[in-house]
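Visitor: To start, I am sharing the structure in question, which I have written as structure tokens.
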Amino acid sequence: MQRQSIWITGVGAATPLGNDLATFSENLLAGRSATKVIVDHNGATELRSPGSQIDLIPVASGWNESAFRALPKAEQLALWCTSAALDSAGWWPLRSELRVGIVFGVGGEWLHHWEINADRGGRNIYQGGELESLASLTRERLGVRGPVATVGAACASANYAIAQAKRWLELGIVDVCLAGGLEVTTPICRSGFNNLRAMSRNVDNAGRSSRPFDVSRDGFVMGEGGAIFLLESAEVARRRGAQPLAEVAGFGSTSDAFHMIIPSSDPAPAAGAMQAALANAAISPEQVDYINAHATSTPVGDKAEARAIHSVFGQHTQSVPVSSTKSMTGHLLSAAAAIEALACITAIQHQAVPPTINLEEIDPECDLCHVPNVTQPRQVDVAMSNSFGFGGSNTTLVLRKAA
């Protein structure tokens with residue numbers, strides 16, 4: 001039986017480059033960096049690190065300013081992104097009549113709560129207790145019915161969430177589905193990654209600190225924000241005259257089973273995710289017009305991904321453009337795959353490949369068809385997005401121009 005096509009017809013976003021698709025796309029294609037210096041204080045200790053943050057999240061539909069601002073930042077982020085996705089897809093007034101699924105890729109959900117509680121003198125981190133998930137809270141506040149799920153797979157979380165939403169729609173479990181990733185950074189989160197020596201130390205020139213594939217890269221820049229997509233079947237979307245942003249064409253995943261932090265030296269697992277996504281989309285490597293790389297700007301990770309791309313694309317590696325938009329947004333951890341799906345939609349909608357900024361001297365071990373510093377106009381009908389998480393979670397999402 002032929003599977004039905006699944007379209008993305010709406011999006012809600014709050015990103016370091018803007019809080020809607022148009023603003024995000026404009027800044028992305030202009031090659032603007034959102035990175036600045038973030039200063040965390042803990043008593044006498046000070047940590048200064050490059051980072052990209054979101055400041056004022058737009059107020060979600062149906063909420064007044066004061067009530068919305070009283071919510072924790074993560075809850076504001078979830079409400080804004082989901083309500084904006086429903087609204088931009090045209091489903092907001094009819095949401096209570098639908099089975100609306102919600103799948104969030106979220107990593108530090110409880111950590112954020114515990115830090116807020118500790119700042120207020122609480123001891124929840126020691127005492128435990130039950131907490132309602134962000135996905136469940138959001139469902140209640142939106143006033144919708146349908147299944148909810150949370151996916152925690154580090155930097156691959158949002159790709160898994162989008163794949164789960166696609167599957168729910170194919171199985172007829174939901175009428176529409178909200179899926180993507182959300183990330184709010186915290187001082188403990190930044191300190192932890194800093195202690196792992198995974199983050200860039202280039203504080204003096206923060207806007208140039210995220211430099212994927214560059215020979216002088218020294219670690220990633222932590223970012224926050226989120227993007228939630230409204231997925232529905234192409235049949236339903238056509239019937240109501242909805243304009244698609246892209247088709248969710250394929251998904252693939254594998255596991256390294258190698259190390260909690262370091263990617264496998266064997267390119268086969270990461271390559272396997274790409275090959276599975278291509279097979280799922282029923283396309284060949286030669287049909288891919290753009291690869292949004294996971295490339296976080298770490299010395300080990302970028303090289304490992306370059307080897308995996310070579311093993312999948314062979315000779316086509318020299319002609320398919322590859323860029324890492326983390327050079328502009330920073331690495332949004334659990335929301336990274338969602339933001340990079342947004343970048344792929346930008347490429348498809350604008351027929352242009354966003355650049356890797358700060359790419360001045362390409363690492364010879366990252367020999368790819370790079371897009372350094374300046375956007376390249378190019379036909380993009382099929383875009384591939386890699387997201388590889390700590391613990392060896394490898395995912396690849398294929399988005400295609402909807403027809």
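Residue numbering restarts at 1 for every chain of the structure tokens, chains are lettered A, B, ... in their displayed order, and ligands are numbered from 1 as they appear.
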Just want the 8 Å neighbourhood of A:Arg145, counted on only C-alpha atoms, with same-chain residues fewer than 5 positions away dropped. Output as an NGL selection string.
Guide: :A and (96 or 98-101 or 139)
Visitor: Would you tabulate, counting only C-alpha atoms, all residues of stretch 191-231 of chain A that have an atom at most 10 Å from an atom of stretch 356-373 of chain A, showing the closest pair of atoms and their distance in Å to one decimal, sorted by chain then ascending number, as a Markdown table?
Guide:
```
| residue | atom | partner | partner_atom | distance |
| --- | --- | --- | --- | --- |
| A:Gly207 | CA | A:Asn358 | CA | 8.7 |
| A:Arg208 | CA | A:Asn358 | CA | 5.8 |
| A:Ser209 | CA | A:Asn358 | CA | 8.0 |
| A:Ser210 | CA | A:Asn358 | CA | 7.2 |
| A:Arg211 | CA | A:Asn358 | CA | 5.2 |
| A:Pro212 | CA | A:Leu359 | CA | 7.0 |
| A:Phe213 | CA | A:Asp363 | CA | 5.8 |
| A:Asp214 | CA | A:Ile362 | CA | 4.7 |
| A:Val215 | CA | A:Asp363 | CA | 4.4 |
| A:Ser216 | CA | A:Glu361 | CA | 7.8 |
| A:Arg217 | CA | A:Asp363 | CA | 9.2 |
```
Visitor: Those selected residues, please, written with N, CA and C atoms and delivered as a PDB file, in the first residue's frame.
Guide:
```pdb
ATOM      1  N   GLY A 207      31.083  36.395  18.232  1.00  0.00           N
ATOM      2  CA  GLY A 207      30.374  36.213  16.971  1.00  0.00           C
ATOM      3  C   GLY A 207      31.089  35.315  15.986  1.00  0.00           C
ATOM      4  N   ARG A 208      32.360  35.040  16.239  1.00  0.00           N
ATOM      5  CA  ARG A 208      33.146  34.183  15.356  1.00  0.00           C
ATOM      6  C   ARG A 208      33.523  32.867  16.036  1.00  0.00           C
ATOM      7  N   SER A 209      32.907  32.596  17.178  1.00  0.00           N
ATOM      8  CA  SER A 209      33.315  31.423  17.958  1.00  0.00           C
ATOM      9  C   SER A 209      32.757  30.113  17.411  1.00  0.00           C
ATOM     10  N   SER A 210      31.598  30.150  16.777  1.00  0.00           N
ATOM     11  CA  SER A 210      31.053  28.940  16.158  1.00  0.00           C
ATOM     12  C   SER A 210      31.551  28.887  14.728  1.00  0.00           C
ATOM     13  N   ARG A 211      32.472  27.953  14.443  1.00  0.00           N
ATOM     14  CA  ARG A 211      33.101  27.893  13.125  1.00  0.00           C
ATOM     15  C   ARG A 211      33.213  26.447  12.649  1.00  0.00           C
ATOM     16  N   PRO A 212      32.065  25.814  12.350  1.00  0.00           N
ATOM     17  CA  PRO A 212      32.087  24.429  11.870  1.00  0.00           C
ATOM     18  C   PRO A 212      32.980  24.268  10.650  1.00  0.00           C
ATOM     19  N   PHE A 213      33.673  23.128  10.626  1.00  0.00           N
ATOM     20  CA  PHE A 213      34.543  22.714   9.530  1.00  0.00           C
ATOM     21  C   PHE A 213      35.813  23.550   9.393  1.00  0.00           C
ATOM     22  N   ASP A 214      35.946  24.617  10.175  1.00  0.00           N
ATOM     23  CA  ASP A 214      37.146  25.444  10.082  1.00  0.00           C
ATOM     24  C   ASP A 214      38.280  24.803  10.875  1.00  0.00           C
ATOM     25  N   VAL A 215      39.491  24.959  10.388  1.00  0.00           N
ATOM     26  CA  VAL A 215      40.635  24.315  11.022  1.00  0.00           C
ATOM     27  C   VAL A 215      40.856  24.833  12.449  1.00  0.00           C
ATOM     28  N   SER A 216      40.371  26.045  12.752  1.00  0.00           N
ATOM     29  CA  SER A 216      40.591  26.627  14.080  1.00  0.00           C
ATOM     30  C   SER A 216      39.406  26.458  15.031  1.00  0.00           C
ATOM     31  N   ARG A 217      38.423  25.643  14.681  1.00  0.00           N
ATOM     32  CA  ARG A 217      37.267  25.450  15.563  1.00  0.00           C
ATOM     33  C   ARG A 217      37.719  24.845  16.893  1.00  0.00           C
TER      34      ARG A 217
END
```
Visitor: Neighbours of A:Leu171 within 12 Å (only C-alpha atoms; same-chain residues fewer than 6 positions away dropped), as a PyMOL selection string?
Guide: chain A and resi 3-4+6+164-165+232-233
Visitor: Quick one: pull the distance between atom CA of A:Ala85 and atom CA of A:Arg240, Å, one decimal.
Guide: 16.5 Å
Visitor: Counting only C-alpha atoms, which residues of stretch 379-401 of chain A sit at most 10 Å from some atom of stretch 148-157 of chain A, and what is each one's closest atom pair with its distance in Å to one decimal, listed by chain and rising residue number, as a Markdown table?
Guide:
```
| residue | atom | partner | partner_atom | distance |
| --- | --- | --- | --- | --- |
| A:Asn386 | CA | A:Ala156 | CA | 8.5 |
| A:Ser387 | CA | A:Ala156 | CA | 5.0 |
| A:Phe388 | CA | A:Ala156 | CA | 5.4 |
| A:Gly389 | CA | A:Cys155 | CA | 4.2 |
| A:Phe390 | CA | A:Ala154 | CA | 5.8 |
| A:Gly391 | CA | A:Ala154 | CA | 7.9 |
| A:Gly392 | CA | A:Ala153 | CA | 9.2 |
| A:Ser393 | CA | A:Ala156 | CA | 6.3 |
| A:Asn394 | CA | A:Ala156 | CA | 6.7 |
| A:Thr395 | CA | A:Ala156 | CA | 6.1 |
| A:Thr396 | CA | A:Ala156 | CA | 8.7 |
```
Visitor: Find the residues around A:Asp87 up to 12 Å (only C-alpha atoms counted), leave out those fewer than 3 positions away in its own chain, and share them as a count of residues only.
Guide: 24
Visitor: Mind checking which residues fall within 6 Å of A:Met199, counting only C-alpha atoms, ignoring those fewer than 6 positions away in the same chain, and posting them as JSON, numbers by chain?
Guide: {"A": [219, 220, 221]}
Visitor: Go ahead and write the residues just picked, C-alpha atoms, as a PDB file, in the first residue's frame.
Guide:
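Output below, filename out11.pdb:
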```pdb
ATOM      1  CA  GLY A 219      33.962  23.700  20.396  1.00  0.00           C
ATOM      2  CA  PHE A 220      30.287  24.528  20.044  1.00  0.00           C
ATOM      3  CA  VAL A 221      28.263  27.570  21.042  1.00  0.00           C
TER       4      VAL A 221
END
```
Visitor: With DSSP run on the backbone, what are the alpha helix (DSSP H) residues within stretch 198-369 of chain A? I'd like them as a ChimeraX atom specification.
Guide: /A:234-239,268-281,299-313,326-329,336-350
Visitor: Which is closest to A:Pro377 among A:Thr325, A:Gln243, A:Asp289, A:Thr35, if we use only C-alpha atoms?
Guide: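 Among the listed residues, the smallest separation from A:Pro377 belongs to A:Asp289.
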Visitor: Which of stretch 186-275 of chain A end up as strand (DSSP E) when DSSP is run on this backbone - answer as a list of chain:residue names?
Guide: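 Output for stretch 186-275 of chain A, strand (DSSP E) only: A:Met222, A:Gly223, A:Gly225, A:Gly226, A:Ala227, A:Ile228, A:Phe229, A:Leu230, A:Leu231, A:Glu232, A:Ser233, A:Ala246, A:Glu247, A:Val248, A:Ala249, A:Gly250, A:Phe251, A:Gly252, A:Ser253, A:Thr254, A:Ser255.
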